[in-house]
$ cat target34.txt   # compact mmCIF, C-alpha atoms and all ligand atoms
# COMPACT_ATOMS: atom_id res chain seq x y z
CA MET J 1 96.78 137.47 162.14
CA LYS J 2 97.69 136.31 158.67
CA TYR J 3 95.23 135.10 156.07
CA TYR J 4 95.76 132.36 153.49
CA SER J 5 93.74 131.66 150.36
CA THR J 6 91.60 128.51 150.16
CA ARG J 7 93.38 127.84 146.85
CA HIS J 8 96.84 128.12 148.44
CA ILE J 9 98.46 129.85 145.44
CA ALA J 10 98.13 133.53 146.42
CA PRO J 11 100.62 134.84 148.98
CA ILE J 12 99.67 135.08 152.64
CA ALA J 13 97.92 138.40 153.34
CA SER J 14 97.64 140.79 156.25
CA LEU J 15 94.17 141.66 157.56
CA GLN J 16 94.30 144.94 155.71
CA GLU J 17 95.25 143.31 152.41
CA ALA J 18 92.60 140.63 152.80
CA VAL J 19 89.89 143.20 153.54
CA ILE J 20 90.84 145.58 150.74
CA LYS J 21 91.29 142.79 148.18
CA GLY J 22 88.19 140.80 149.18
CA LEU J 23 88.88 137.85 146.88
CA ALA J 24 92.45 136.49 146.92
CA PRO J 25 94.40 136.97 143.64
CA ASP J 26 94.13 133.22 142.92
CA LYS J 27 90.31 133.59 143.20
CA GLY J 28 90.27 131.70 146.51
CA LEU J 29 88.74 132.97 149.75
CA TYR J 30 90.81 134.24 152.62
CA MET J 31 90.92 132.19 155.83
CA PRO J 32 92.55 133.16 159.12
CA GLU J 33 95.67 131.09 159.82
CA LYS J 34 94.49 130.48 163.36
CA ILE J 35 91.07 130.17 164.92
CA ASN J 36 91.46 131.23 168.54
CA ARG J 37 89.43 129.32 171.10
CA LEU J 38 87.58 131.03 173.90
CA PRO J 39 88.16 129.82 177.47
CA ALA J 40 85.66 127.63 179.37
CA ASP J 41 85.17 130.47 181.82
CA PHE J 42 83.70 132.63 179.04
CA PHE J 43 81.08 130.00 178.24
CA ASN J 44 80.25 129.49 181.91
CA LYS J 45 79.26 133.12 182.33
CA ILE J 46 78.01 133.86 178.79
CA GLY J 47 74.37 133.96 179.95
CA ASN J 48 75.15 137.10 181.95
CA LEU J 49 76.91 138.99 179.17
CA SER J 50 75.32 141.62 176.94
CA LEU J 51 75.37 141.51 173.14
CA THR J 52 78.12 144.11 172.93
CA ASP J 53 80.21 142.40 175.63
CA ILE J 54 80.06 139.15 173.69
CA ALA J 55 80.68 140.87 170.37
CA LYS J 56 83.76 142.70 171.68
CA ILE J 57 85.28 139.47 173.01
CA VAL J 58 84.61 137.55 169.79
CA ALA J 59 85.83 140.39 167.54
CA GLU J 60 89.00 140.65 169.61
CA LYS J 61 89.76 136.97 168.94
CA PHE J 62 89.57 137.60 165.19
CA PHE J 63 90.97 141.09 164.76
CA GLY J 64 92.61 142.02 168.07
CA GLU J 65 96.18 141.53 166.83
CA ASP J 66 95.67 143.99 164.00
CA ILE J 67 93.38 146.74 165.24
CA ASP J 68 93.75 148.92 168.24
CA LYS J 69 91.40 147.72 170.98
CA GLU J 70 89.44 150.92 171.44
CA LYS J 71 88.96 151.36 167.70
CA LEU J 72 87.80 147.76 167.37
CA ASN J 73 85.33 148.19 170.21
CA ALA J 74 83.96 151.30 168.51
CA ILE J 75 83.47 149.34 165.26
CA VAL J 76 81.62 146.62 167.20
CA ILE J 77 79.35 149.08 168.97
CA GLU J 78 78.48 150.94 165.77
CA SER J 79 77.72 147.69 163.92
CA LEU J 80 75.43 146.23 166.56
CA ASN J 81 73.36 149.17 167.71
CA PHE J 82 70.05 147.33 167.51
CA ASP J 83 68.26 144.43 169.18
CA ILE J 84 68.65 140.76 168.29
CA PRO J 85 65.81 139.20 170.26
CA LEU J 86 65.45 135.46 170.89
CA LYS J 87 61.77 134.50 171.01
CA LYS J 88 59.98 131.27 171.73
CA VAL J 89 57.83 130.13 168.79
CA GLU J 90 56.69 126.79 170.18
CA GLU J 91 57.94 124.09 172.58
CA GLY J 92 61.64 123.48 171.87
CA ILE J 93 61.78 125.95 168.96
CA TYR J 94 63.18 129.46 169.28
CA VAL J 95 63.84 132.17 166.72
CA LEU J 96 66.76 134.58 166.73
CA GLU J 97 65.57 137.68 164.86
CA LEU J 98 68.48 139.15 162.91
CA PHE J 99 66.39 141.73 161.07
CA HIS J 100 66.15 144.78 163.30
CA GLY J 101 68.96 146.72 161.60
CA PRO J 102 68.69 149.65 159.16
CA THR J 103 67.51 147.60 156.14
CA PHE J 104 65.65 144.87 158.05
CA ALA J 105 67.88 142.04 156.84
CA PHE J 106 70.69 140.19 158.57
CA LYS J 107 73.38 141.51 156.22
CA ASP J 108 73.31 144.87 158.01
CA VAL J 109 75.81 143.90 160.71
CA GLY J 110 78.41 142.54 158.30
CA ALA J 111 78.02 145.47 155.90
CA ARG J 112 78.40 148.04 158.62
CA PHE J 113 81.30 146.22 160.26
CA MET J 114 83.10 146.06 156.94
CA SER J 115 82.51 149.74 156.16
CA ARG J 116 83.93 150.83 159.50
CA MET J 117 86.93 148.54 159.17
CA LEU J 118 87.69 149.74 155.64
CA SER J 119 87.36 153.32 156.82
CA TYR J 120 89.86 152.56 159.61
CA PHE J 121 92.37 151.27 157.04
CA VAL J 122 91.70 154.22 154.73
CA LYS J 123 92.54 156.62 157.55
CA GLU J 124 95.59 154.67 158.75
CA GLN J 125 97.03 154.26 155.27
CA HIS J 126 95.79 157.48 153.69
CA HIS J 127 94.29 155.47 150.85
CA GLU J 128 92.55 157.83 148.54
CA ASN J 129 89.94 157.20 145.94
CA LEU J 130 88.67 153.93 147.37
CA LYS J 131 85.63 152.75 145.44
CA VAL J 132 83.38 149.89 146.41
CA LEU J 133 81.58 148.17 143.53
CA VAL J 134 78.62 145.92 144.30
CA ALA J 135 76.35 143.99 141.96
CA THR J 136 73.10 143.15 143.68
CA SER J 137 69.87 141.28 143.15
CA GLY J 138 68.39 143.06 146.17
CA ASP J 139 69.41 142.56 149.79
CA THR J 140 73.17 142.98 149.44
CA GLY J 141 72.75 146.36 147.76
CA SER J 142 70.51 147.71 150.48
CA ALA J 143 72.70 146.48 153.35
CA VAL J 144 75.93 147.71 151.76
CA ALA J 145 74.48 151.09 150.75
CA ASN J 146 73.14 151.75 154.24
CA GLY J 147 76.24 150.31 155.91
CA PHE J 148 78.57 152.61 153.95
CA LEU J 149 76.35 155.71 153.93
CA GLY J 150 78.33 158.77 155.00
CA VAL J 151 81.60 156.86 155.52
CA GLU J 152 84.35 159.30 154.65
CA GLY J 153 86.80 158.53 151.87
CA ILE J 154 84.81 155.69 150.34
CA GLN J 155 82.43 155.98 147.40
CA VAL J 156 80.03 153.10 146.71
CA PHE J 157 78.52 152.06 143.37
CA ILE J 158 75.53 149.75 143.48
CA LEU J 159 74.72 148.03 140.18
CA TYR J 160 71.28 146.48 139.96
CA PRO J 161 69.11 145.00 137.20
CA SER J 162 66.33 147.38 136.22
CA GLY J 163 62.87 146.09 137.15
CA LYS J 164 64.22 142.96 138.83
CA VAL J 165 64.48 144.01 142.47
CA SER J 166 61.53 144.68 144.77
CA GLU J 167 60.30 148.26 145.25
CA ILE J 168 61.35 148.31 148.88
CA GLN J 169 64.82 147.01 148.08
CA GLU J 170 65.26 149.54 145.27
CA ALA J 171 64.20 152.38 147.54
CA GLN J 172 66.75 151.27 150.11
CA PHE J 173 69.71 151.92 147.84
CA THR J 174 68.54 154.50 145.30
CA THR J 175 67.33 157.21 147.67
CA LEU J 176 70.38 157.74 149.87
CA GLY J 177 72.61 160.14 147.93
CA GLN J 178 75.89 161.31 149.56
CA ASN J 179 78.60 158.72 148.82
CA ILE J 180 76.15 156.11 147.48
CA VAL J 181 75.63 155.97 143.70
CA ALA J 182 72.96 153.69 142.25
CA LEU J 183 73.46 152.43 138.70
CA GLU J 184 70.30 150.96 137.18
CA ILE J 185 71.44 148.52 134.51
CA ASN J 186 69.24 147.60 131.62
CA GLY J 187 70.01 143.89 131.90
CA THR J 188 70.12 140.98 134.32
CA PHE J 189 71.89 140.43 137.65
CA ASP J 190 74.51 138.43 135.74
CA ASP J 191 75.14 141.47 133.51
CA CYS J 192 75.70 143.59 136.62
CA GLN J 193 78.13 141.04 138.01
CA ALA J 194 79.97 140.85 134.67
CA LEU J 195 80.40 144.65 134.62
CA VAL J 196 81.89 144.60 138.13
CA LYS J 197 84.22 141.73 137.25
CA SER J 198 85.44 143.54 134.11
CA ALA J 199 86.15 146.66 136.15
CA PHE J 200 88.30 144.71 138.63
CA VAL J 201 90.60 143.49 135.85
CA ASP J 202 90.68 146.79 133.88
CA GLU J 203 94.25 148.10 134.26
CA GLU J 204 93.50 151.63 133.14
CA LEU J 205 90.71 151.96 135.67
CA ASN J 206 92.73 150.39 138.48
CA LYS J 207 95.54 152.90 137.94
CA LYS J 208 93.13 155.76 138.58
CA MET J 209 91.20 154.38 141.52
CA TYR J 210 91.32 151.69 144.20
CA LEU J 211 88.51 149.21 143.55
CA THR J 212 87.13 146.75 146.06
CA SER J 213 83.99 144.67 146.46
CA ALA J 214 81.70 144.24 149.45
CA ASN J 215 80.16 140.83 148.99
CA SER J 216 79.98 138.13 151.64
CA ILE J 217 83.33 136.63 150.72
CA ASN J 218 85.04 139.60 152.38
CA ILE J 219 86.32 138.52 155.79
CA ALA J 220 85.32 141.85 157.33
CA ARG J 221 81.72 141.08 156.38
CA PHE J 222 81.86 137.36 156.94
CA LEU J 223 83.62 136.83 160.30
CA PRO J 224 81.53 139.23 162.44
CA GLN J 225 78.48 137.07 161.69
CA SER J 226 79.90 134.52 164.17
CA ILE J 227 78.70 136.86 166.90
CA TYR J 228 75.07 135.87 166.20
CA TYR J 229 75.74 132.31 167.24
CA PHE J 230 77.46 133.22 170.48
CA TYR J 231 74.58 135.52 171.28
CA ALA J 232 71.93 132.86 170.46
CA TYR J 233 73.73 130.50 172.81
CA SER J 234 73.94 133.12 175.55
CA GLN J 235 70.21 133.77 175.33
CA LEU J 236 69.55 130.04 175.69
CA ALA J 237 72.03 129.80 178.57
CA LYS J 238 70.22 132.59 180.35
CA GLN J 239 67.19 130.28 180.49
CA GLN J 240 69.23 127.08 181.11
CA LEU J 241 68.26 125.76 177.70
CA GLU J 242 71.74 125.57 176.17
CA ASP J 243 72.27 121.78 176.26
CA ASN J 244 72.01 120.02 172.90
CA ALA J 245 71.47 123.25 171.01
CA VAL J 246 70.90 122.98 167.27
CA VAL J 247 70.84 125.98 164.93
CA ALA J 248 69.02 126.11 161.57
CA VAL J 249 70.35 128.65 159.05
CA PRO J 250 68.63 129.90 155.87
CA SER J 251 71.44 129.45 153.37
CA GLY J 252 72.39 131.03 150.05
CA ASN J 253 76.05 131.88 149.65
CA LEU J 254 76.70 129.97 152.91
CA GLY J 255 78.41 132.94 154.60
CA ASN J 256 76.13 132.91 157.60
CA LEU J 257 76.43 129.14 158.06
CA ALA J 258 80.22 129.22 157.65
CA ALA J 259 80.38 131.92 160.34
CA GLY J 260 78.46 129.58 162.66
CA LEU J 261 80.97 126.82 161.96
CA PHE J 262 83.77 129.23 162.91
CA ALA J 263 81.98 129.91 166.19
CA LYS J 264 81.82 126.19 166.88
CA ARG J 265 85.54 125.89 166.10
CA MET J 266 86.17 128.64 168.65
CA GLY J 267 84.61 126.39 171.26
CA LEU J 268 80.94 127.40 171.16
CA PRO J 269 79.06 124.27 172.29
CA ILE J 270 76.48 124.13 169.51
CA LYS J 271 75.78 120.47 168.88
CA ARG J 272 75.11 120.71 165.17
CA PHE J 273 73.76 122.89 162.37
CA ILE J 274 70.96 122.48 159.87
CA ALA J 275 71.29 124.27 156.53
CA ALA J 276 67.96 125.26 154.98
CA ASN J 277 67.87 125.50 151.20
CA ASN J 278 65.15 126.56 148.81
CA ARG J 279 65.10 124.79 145.45
CA ASN J 280 68.63 126.05 144.87
CA ASP J 281 69.87 123.09 146.84
CA VAL J 282 73.40 122.28 145.65
CA PHE J 283 74.59 122.24 149.26
CA TYR J 284 71.83 119.84 150.32
CA GLN J 285 72.76 117.60 147.38
CA TYR J 286 76.43 117.77 148.33
CA LEU J 287 75.75 116.76 151.93
CA ASN J 288 73.74 113.76 150.83
CA SER J 289 75.87 112.55 147.94
CA GLY J 290 79.36 113.94 148.48
CA ASN J 291 79.23 115.44 144.99
CA TYR J 292 79.26 119.17 144.47
CA ASN J 293 77.49 120.18 141.28
CA PRO J 294 77.06 123.95 140.99
CA ARG J 295 74.38 125.05 138.55
CA ALA J 296 72.55 128.16 137.35
CA SER J 297 70.24 129.57 140.02
CA ILE J 298 66.46 129.51 139.74
CA GLN J 299 64.11 132.18 141.03
CA THR J 300 62.18 131.43 144.24
CA ILE J 301 60.18 133.43 146.79
CA ALA J 302 63.17 133.25 149.17
CA ASN J 303 65.23 135.16 146.61
CA ALA J 304 68.21 136.04 148.80
CA MET J 305 68.93 132.31 148.82
CA ASP J 306 68.77 131.92 145.03
CA VAL J 307 72.40 130.91 144.62
CA GLY J 308 73.53 128.12 142.33
CA ASN J 309 77.23 128.15 143.23
CA PRO J 310 77.61 129.30 146.84
CA SER J 311 80.87 131.21 147.21
CA ASN J 312 81.55 130.27 150.83
CA PHE J 313 81.39 126.55 150.08
CA GLU J 314 85.17 126.71 149.62
CA ARG J 315 85.53 128.01 153.16
CA ILE J 316 83.52 125.11 154.58
CA LEU J 317 85.59 122.57 152.64
CA ASP J 318 88.78 124.19 153.88
CA LEU J 319 87.61 124.32 157.48
CA TYR J 320 86.98 120.55 157.42
CA ASN J 321 90.01 119.61 155.32
CA HIS J 322 87.70 118.58 152.50
CA SER J 323 86.29 115.70 154.55
CA HIS J 324 82.70 115.08 153.49
CA LYS J 325 82.28 112.85 156.53
CA ALA J 326 83.43 115.51 158.99
CA ILE J 327 81.12 118.06 157.35
CA GLN J 328 78.21 115.63 157.58
CA ASN J 329 78.95 115.17 161.27
CA ASP J 330 78.31 118.85 161.97
CA ILE J 331 75.73 119.78 159.34
CA SER J 332 72.60 118.30 157.84
CA ALA J 333 70.31 120.04 155.35
CA SER J 334 66.79 120.28 153.99
CA THR J 335 65.33 121.71 150.80
CA TYR J 336 61.92 123.30 150.21
CA THR J 337 59.81 124.32 147.23
CA ASP J 338 57.96 127.64 147.08
CA GLU J 339 54.70 125.81 147.84
CA GLU J 340 56.20 124.28 150.97
CA ILE J 341 57.58 127.63 152.08
CA LYS J 342 54.18 129.29 151.66
CA ASN J 343 52.47 126.49 153.58
CA THR J 344 54.94 126.88 156.42
CA ILE J 345 54.28 130.62 156.65
CA ARG J 346 50.53 129.99 156.77
CA ILE J 347 50.56 127.10 159.22
CA VAL J 348 52.99 128.68 161.69
CA TYR J 349 50.99 131.90 161.66
CA GLU J 350 47.73 130.05 162.25
CA LYS J 351 49.14 127.84 164.99
CA THR J 352 51.40 130.23 166.86
CA GLY J 353 50.73 133.78 165.62
CA TYR J 354 54.39 134.10 164.62
CA LEU J 355 54.89 135.65 161.18
CA LEU J 356 57.79 134.25 159.15
CA ASP J 357 59.39 135.69 156.03
CA PRO J 358 60.18 133.19 153.24
CA HIS J 359 63.84 132.80 154.31
CA GLY J 360 63.09 132.28 157.97
CA ALA J 361 60.30 129.91 156.94
CA CYS J 362 62.82 127.57 155.28
CA ALA J 363 64.91 127.54 158.45
CA TYR J 364 61.90 126.99 160.71
CA GLN J 365 60.75 124.02 158.62
CA ALA J 366 64.25 122.55 158.45
CA LEU J 367 64.43 122.71 162.22
CA LYS J 368 60.95 121.26 162.68
CA ASP J 369 61.78 118.37 160.34
CA GLY J 370 65.30 117.74 161.64
CA LYS J 371 65.24 118.42 165.37
CA LYS J 372 65.35 115.49 167.78
CA THR J 373 63.22 115.54 170.92
CA ASP J 374 66.15 116.02 173.30
CA GLU J 375 67.47 119.00 171.33
CA THR J 376 66.69 122.68 171.74
CA GLY J 377 66.35 124.35 168.35
CA VAL J 378 67.03 127.90 167.26
CA PHE J 379 66.38 129.09 163.73
CA LEU J 380 67.69 132.34 162.32
CA ALA J 381 65.13 134.76 160.88
CA THR J 382 67.15 136.76 158.35
CA ALA J 383 64.60 139.24 156.98
CA HIS J 384 61.58 141.13 158.28
CA PRO J 385 58.35 139.65 156.84
CA ALA J 386 57.26 143.14 155.68
CA LYS J 387 60.15 143.11 153.19
CA PHE J 388 58.19 140.37 151.41
CA LYS J 389 54.81 141.90 152.07
CA GLU J 390 52.94 140.66 149.00
CA THR J 391 54.07 137.06 149.30
CA VAL J 392 53.42 136.91 153.01
CA GLU J 393 49.99 138.56 152.76
CA LYS J 394 48.90 135.97 150.21
CA CYS J 395 49.95 133.17 152.58
CA ILE J 396 48.07 134.42 155.61
CA GLY J 397 45.18 136.24 153.92
CA GLN J 398 45.76 139.37 156.00
CA ASP J 399 47.51 142.71 155.68
CA VAL J 400 51.06 142.92 156.96
CA GLU J 401 52.06 146.11 158.69
CA VAL J 402 55.19 147.81 157.36
CA PRO J 403 57.37 149.37 160.08
CA ASP J 404 57.68 153.17 159.78
CA ARG J 405 61.42 152.97 159.39
CA LEU J 406 60.95 150.70 156.37
CA SER J 407 58.14 152.65 154.69
CA ALA J 408 60.16 155.86 155.16
CA PHE J 409 62.51 154.65 152.40
CA MET J 410 59.56 154.52 149.99
CA GLN J 411 58.77 158.18 150.48
CA ARG J 412 62.16 159.41 149.38
CA LYS J 413 63.17 160.44 145.91
CA LYS J 414 64.85 157.88 143.67
CA GLN J 415 68.22 158.90 142.25
CA ALA J 416 69.77 156.43 139.83
CA PHE J 417 71.82 156.57 136.65
CA GLN J 418 70.29 154.47 133.87
CA LEU J 419 72.87 152.51 131.91
CA SER J 420 72.93 149.78 129.28
CA ASN J 421 74.94 146.64 130.01
CA ASP J 422 77.80 147.93 127.85
CA TYR J 423 81.13 147.96 129.69
CA ASN J 424 82.53 151.13 128.08
CA ALA J 425 79.50 153.17 129.06
CA PHE J 426 79.84 151.92 132.64
CA LYS J 427 83.55 152.74 132.71
CA LYS J 428 82.91 156.25 131.39
CA THR J 429 80.33 156.78 134.11
CA LEU J 430 82.82 155.68 136.76
CA PHE J 431 85.35 158.21 135.47
CA ASN J 432 82.76 160.98 135.30
CA LEU J 433 81.37 160.44 138.76
CA THR J 434 84.62 160.13 140.69
C1 LIG T 1 71.77 136.92 152.19
C2 LIG T 1 70.57 136.34 152.81
C3 LIG T 1 70.49 134.96 153.13
C4 LIG T 1 71.59 133.98 152.80
O1 LIG T 1 72.74 134.16 153.57
P1 LIG T 1 74.12 133.54 153.10
O2 LIG T 1 75.12 134.01 154.08
O3 LIG T 1 74.38 134.06 151.71
O4 LIG T 1 73.96 132.05 153.09
C5 LIG T 1 69.35 134.50 153.76
N1 LIG T 1 68.32 135.32 154.04
C6 LIG T 1 68.35 136.64 153.73
C7 LIG T 1 67.17 137.48 154.03
C8 LIG T 1 69.48 137.19 153.13
O5 LIG T 1 69.49 138.49 152.81

$ encode --input "target34.txt" --output "structure tokens" --more "lines below"
Ligand SMILES: *Cc1c(COP(=O)(O)O)cnc(C)c1O
Amino acid sequence: MKYYSTRHIAPIASLQEAVIKGLAPDKGLYMPEKINRLPADFFNKIGNLSLTDIAKIVAEKFFGEDIDKEKLNAIVIESLNFDIPLKKVEEGIYVLELFHGPTFAFKDVGARFMSRMLSYFVKEQHHENLKVLVATSGDTGSAVANGFLGVEGIQVFILYPSGKVSEIQEAQFTTLGQNIVALEINGTFDDCQALVKSAFVDEELNKKMYLTSANSINIARFLPQSIYYFYAYSQLAKQQLEDNAVVAVPSGNLGNLAAGLFAKRMGLPIKRFIAANNRNDVFYQYLNSGNYNPRASIQTIANAMDVGNPSNFERILDLYNHSHKAIQNDISASTYTDEEIKNTIRIVYEKTGYLLDPHGACAYQALKDGKKTDETGVFLATAHPAKFKETVEKCIGQDVEVPDRLSAFMQRKKQAFQLSNDYNAFKKTLFNLT
């Protein structure tokens, strides 16, 4: 499979080039030249297939031309070694829980898949000195750190703003050791991102080491997320509920939603999608007006969706040939304030006993508000409510239990290098630690 850039200036890339580069040299996002459809027979029997069966078939459609089948199957199995249950919340509304992985957020699958694929290329190509740089405001850092932990030949640097990520998130990427280095930056998330961007264009540094990023624009992180949608559909099909299925997606950088649109393009009979935004609602505004006006992000309680200029928007435009009308046909959107999100968490808990996290709450409400009576709705729950313990406890007026596997992170010793936001100090640290 070859990959082109959404900006059409950079040369066509192989899978390996696209994965190692991440962003195309013209700053566009890589797209596969072909989206292979799955046969009708696959959809007829999908209700009887397991998660790994489905995942292997879908991954093969994306990456099968470029990676040896057994190796690809091994990557799939290692990335999906936990449950993704579909539960009924109320009549016509189901939740697909994507948060049972190592860091209790949905980014775990993509991060792990990408780490294993990079490691495969490192071994094949004898790449040495591969460094992954990630700026994080929380969830990306924890998923990437845990996804790459112990992967041979790859060292990972996580840059995060001091005092601006939650305790649980910080513990998830500062206590690991081995090939994971946490850099605590005295500055903002934007400072962290600026440091990473400067490093990518620093010739001296790039002569000494191979630098890559691990954010959601990377196809090895982005494409595997399509598997969720096939699996949601299979779980509905198992109960003969698959007709008129609608999926609501809590959206930030739009990677998860775009992966769902890829699944639909591969033939998955999902009728339509609903994008749930918090007050960072540039995508909602675009759907309604046709105008895309990126802006600075604002802080909300669903902070993994605090994105003012969603990077995967370019992929959605490309997939629909920039037709606003065609995009509107497949996707609608809703936007919610923090107060509305908190109300949703409280009301759903009181009425059904189901505990939402702030991100899942946006998607639930978007589904509730947008679903028609003849449709079956699934919303994606992207984080465990205990990751947002304080917020959620205030909404329901009760303690929230933290799973052992999550509290275990808090008991470990923090190891982080404190740095200012000065580029030269950061560069020196990179040299010293590698
Ligand atoms: C990253 C994240 C999102 C947003 O996903 P995108 O693919 O960036 O749209 C939603 N919820 C949680 C918990 C996340 O970590």

$ residues_near_point --input "target34.txt" --point "(59.7, 143.0, 154.8)" --cutoff "9 Å" --atoms "only C-alpha atoms" --output "list of chain:residue names"
J:Phe104, J:Ala105, J:Ile168, J:Asp357, J:Ala383, J:His384, J:Pro385, J:Ala386, J:Lys387, J:Phe388, J:Lys389, J:Val392, J:Val400, J:Val402, J:Pro403, J:Leu406

$ write_last_selection --input "target34.txt" --atoms "C-alpha atoms" --output "PDB file, in the frame of the given file"
ATOM      1  CA  PHE J 104      65.650 144.870 158.050  1.00  0.00           C
ATOM      2  CA  ALA J 105      67.880 142.040 156.840  1.00  0.00           C
ATOM      3  CA  ILE J 168      61.350 148.310 148.880  1.00  0.00           C
ATOM      4  CA  ASP J 357      59.390 135.690 156.030  1.00  0.00           C
ATOM      5  CA  ALA J 383      64.600 139.240 156.980  1.00  0.00           C
ATOM      6  CA  HIS J 384      61.580 141.130 158.280  1.00  0.00           C
ATOM      7  CA  PRO J 385      58.350 139.650 156.840  1.00  0.00           C
ATOM      8  CA  ALA J 386      57.260 143.140 155.680  1.00  0.00           C
ATOM      9  CA  LYS J 387      60.150 143.110 153.190  1.00  0.00           C
ATOM     10  CA  PHE J 388      58.190 140.370 151.410  1.00  0.00           C
ATOM     11  CA  LYS J 389      54.810 141.900 152.070  1.00  0.00           C
ATOM     12  CA  VAL J 392      53.420 136.910 153.010  1.00  0.00           C
ATOM     13  CA  VAL J 400      51.060 142.920 156.960  1.00  0.00           C
ATOM     14  CA  VAL J 402      55.190 147.810 157.360  1.00  0.00           C
ATOM     15  CA  PRO J 403      57.370 149.370 160.080  1.00  0.00           C
ATOM     16  CA  LEU J 406      60.950 150.700 156.370  1.00  0.00           C
TER      17      LEU J 406
END

$ closest_residue --input "target34.txt" --among "J:Ile46, J:Leu287, J:Ala361, J:Leu205" --to "ligand LIG 1 (chain T)" --atoms "only C-alpha atoms and all ligand atoms"
J:Ala361

$ residues_near_ligand --input "target34.txt" --ligand "ligand LIG 1 (chain T)" --cutoff "10 Å" --atoms "all atoms listed in the file" --output "mmCIF file with C-alpha atoms, in the frame of the given file"
data_model
loop_
_atom_site.group_PDB
_atom_site.id
_atom_site.type_symbol
_atom_site.label_atom_id
_atom_site.label_comp_id
_atom_site.auth_asym_id
_atom_site.auth_seq_id
_atom_site.Cartn_x
_atom_site.Cartn_y
_atom_site.Cartn_z
ATOM 1 C CA LEU J 98 68.480 139.150 162.910
ATOM 2 C CA PHE J 99 66.390 141.730 161.070
ATOM 3 C CA THR J 103 67.510 147.600 156.140
ATOM 4 C CA PHE J 104 65.650 144.870 158.050
ATOM 5 C CA ALA J 105 67.880 142.040 156.840
ATOM 6 C CA PHE J 106 70.690 140.190 158.570
ATOM 7 C CA LYS J 107 73.380 141.510 156.220
ATOM 8 C CA ASP J 108 73.310 144.870 158.010
ATOM 9 C CA GLY J 138 68.390 143.060 146.170
ATOM 10 C CA ASP J 139 69.410 142.560 149.790
ATOM 11 C CA THR J 140 73.170 142.980 149.440
ATOM 12 C CA GLY J 141 72.750 146.360 147.760
ATOM 13 C CA SER J 142 70.510 147.710 150.480
ATOM 14 C CA ALA J 143 72.700 146.480 153.350
ATOM 15 C CA ASN J 215 80.160 140.830 148.990
ATOM 16 C CA SER J 216 79.980 138.130 151.640
ATOM 17 C CA ILE J 217 83.330 136.630 150.720
ATOM 18 C CA ARG J 221 81.720 141.080 156.380
ATOM 19 C CA PHE J 222 81.860 137.360 156.940
ATOM 20 C CA GLN J 225 78.480 137.070 161.690
ATOM 21 C CA VAL J 249 70.350 128.650 159.050
ATOM 22 C CA PRO J 250 68.630 129.900 155.870
ATOM 23 C CA SER J 251 71.440 129.450 153.370
ATOM 24 C CA GLY J 252 72.390 131.030 150.050
ATOM 25 C CA ASN J 253 76.050 131.880 149.650
ATOM 26 C CA LEU J 254 76.700 129.970 152.910
ATOM 27 C CA GLY J 255 78.410 132.940 154.600
ATOM 28 C CA ASN J 256 76.130 132.910 157.600
ATOM 29 C CA LEU J 257 76.430 129.140 158.060
ATOM 30 C CA ALA J 258 80.220 129.220 157.650
ATOM 31 C CA ALA J 259 80.380 131.920 160.340
ATOM 32 C CA ALA J 275 71.290 124.270 156.530
ATOM 33 C CA ALA J 276 67.960 125.260 154.980
ATOM 34 C CA ASN J 277 67.870 125.500 151.200
ATOM 35 C CA ALA J 302 63.170 133.250 149.170
ATOM 36 C CA ASN J 303 65.230 135.160 146.610
ATOM 37 C CA ALA J 304 68.210 136.040 148.800
ATOM 38 C CA MET J 305 68.930 132.310 148.820
ATOM 39 C CA ASP J 306 68.770 131.920 145.030
ATOM 40 C CA VAL J 307 72.400 130.910 144.620
ATOM 41 C CA PRO J 310 77.610 129.300 146.840
ATOM 42 C CA SER J 311 80.870 131.210 147.210
ATOM 43 C CA ASN J 312 81.550 130.270 150.830
ATOM 44 C CA PHE J 313 81.390 126.550 150.080
ATOM 45 C CA ASP J 357 59.390 135.690 156.030
ATOM 46 C CA PRO J 358 60.180 133.190 153.240
ATOM 47 C CA HIS J 359 63.840 132.800 154.310
ATOM 48 C CA GLY J 360 63.090 132.280 157.970
ATOM 49 C CA CYS J 362 62.820 127.570 155.280
ATOM 50 C CA ALA J 363 64.910 127.540 158.450
ATOM 51 C CA LEU J 380 67.690 132.340 162.320
ATOM 52 C CA ALA J 381 65.130 134.760 160.880
ATOM 53 C CA THR J 382 67.150 136.760 158.350
ATOM 54 C CA ALA J 383 64.600 139.240 156.980
ATOM 55 C CA HIS J 384 61.580 141.130 158.280
ATOM 56 C CA PRO J 385 58.350 139.650 156.840
ATOM 57 C CA LYS J 387 60.150 143.110 153.190
ATOM 58 C CA PHE J 388 58.190 140.370 151.410
#

$ residues_around --input "target34.txt" --residues "Phe409 of chain J" --least-positions-apart "6" --cutoff "8 Å" --atoms "all atoms listed in the file" --output "MDAnalysis selection string"
chainID J and resid 168 171:172 175

$ atom_distance --input "target34.txt" --atom1 "atom CA of Ile227 of chain J" --atom2 "atom CA of Val58 of chain J"
6.6 Å

$ closest_atom_pairs --input "target34.txt" --of "segment 155-250 of chain J" --to "segment 294-299 of chain J" --cutoff "12 Å" --atoms "all atoms listed in the file" --output "JSON lines"
{"residue": "J:Lys164", "atom": "CA", "partner": "J:Gln299", "partner_atom": "CA", "distance": 11.0}
{"residue": "J:Val165", "atom": "CA", "partner": "J:Gln299", "partner_atom": "CA", "distance": 11.9}
{"residue": "J:Phe189", "atom": "CA", "partner": "J:Ser297", "partner_atom": "CA", "distance": 11.2}
{"residue": "J:Asp190", "atom": "CA", "partner": "J:Ala296", "partner_atom": "CA", "distance": 10.6}

$ decode --input "target34.txt" --residues "segment 201-205 of chain J" --atoms "C-alpha atoms" --output "CSV table (one decimal), in the first residue's frame"
chain,number,residue,atom,x,y,z
J,201,VAL,CA,13.7,20.6,12.4
J,202,ASP,CA,17.1,20.7,14.2
J,203,GLU,CA,19.6,19.4,11.6
J,204,GLU,CA,22.4,18.8,14.1
J,205,LEU,CA,20.1,16.7,16.3
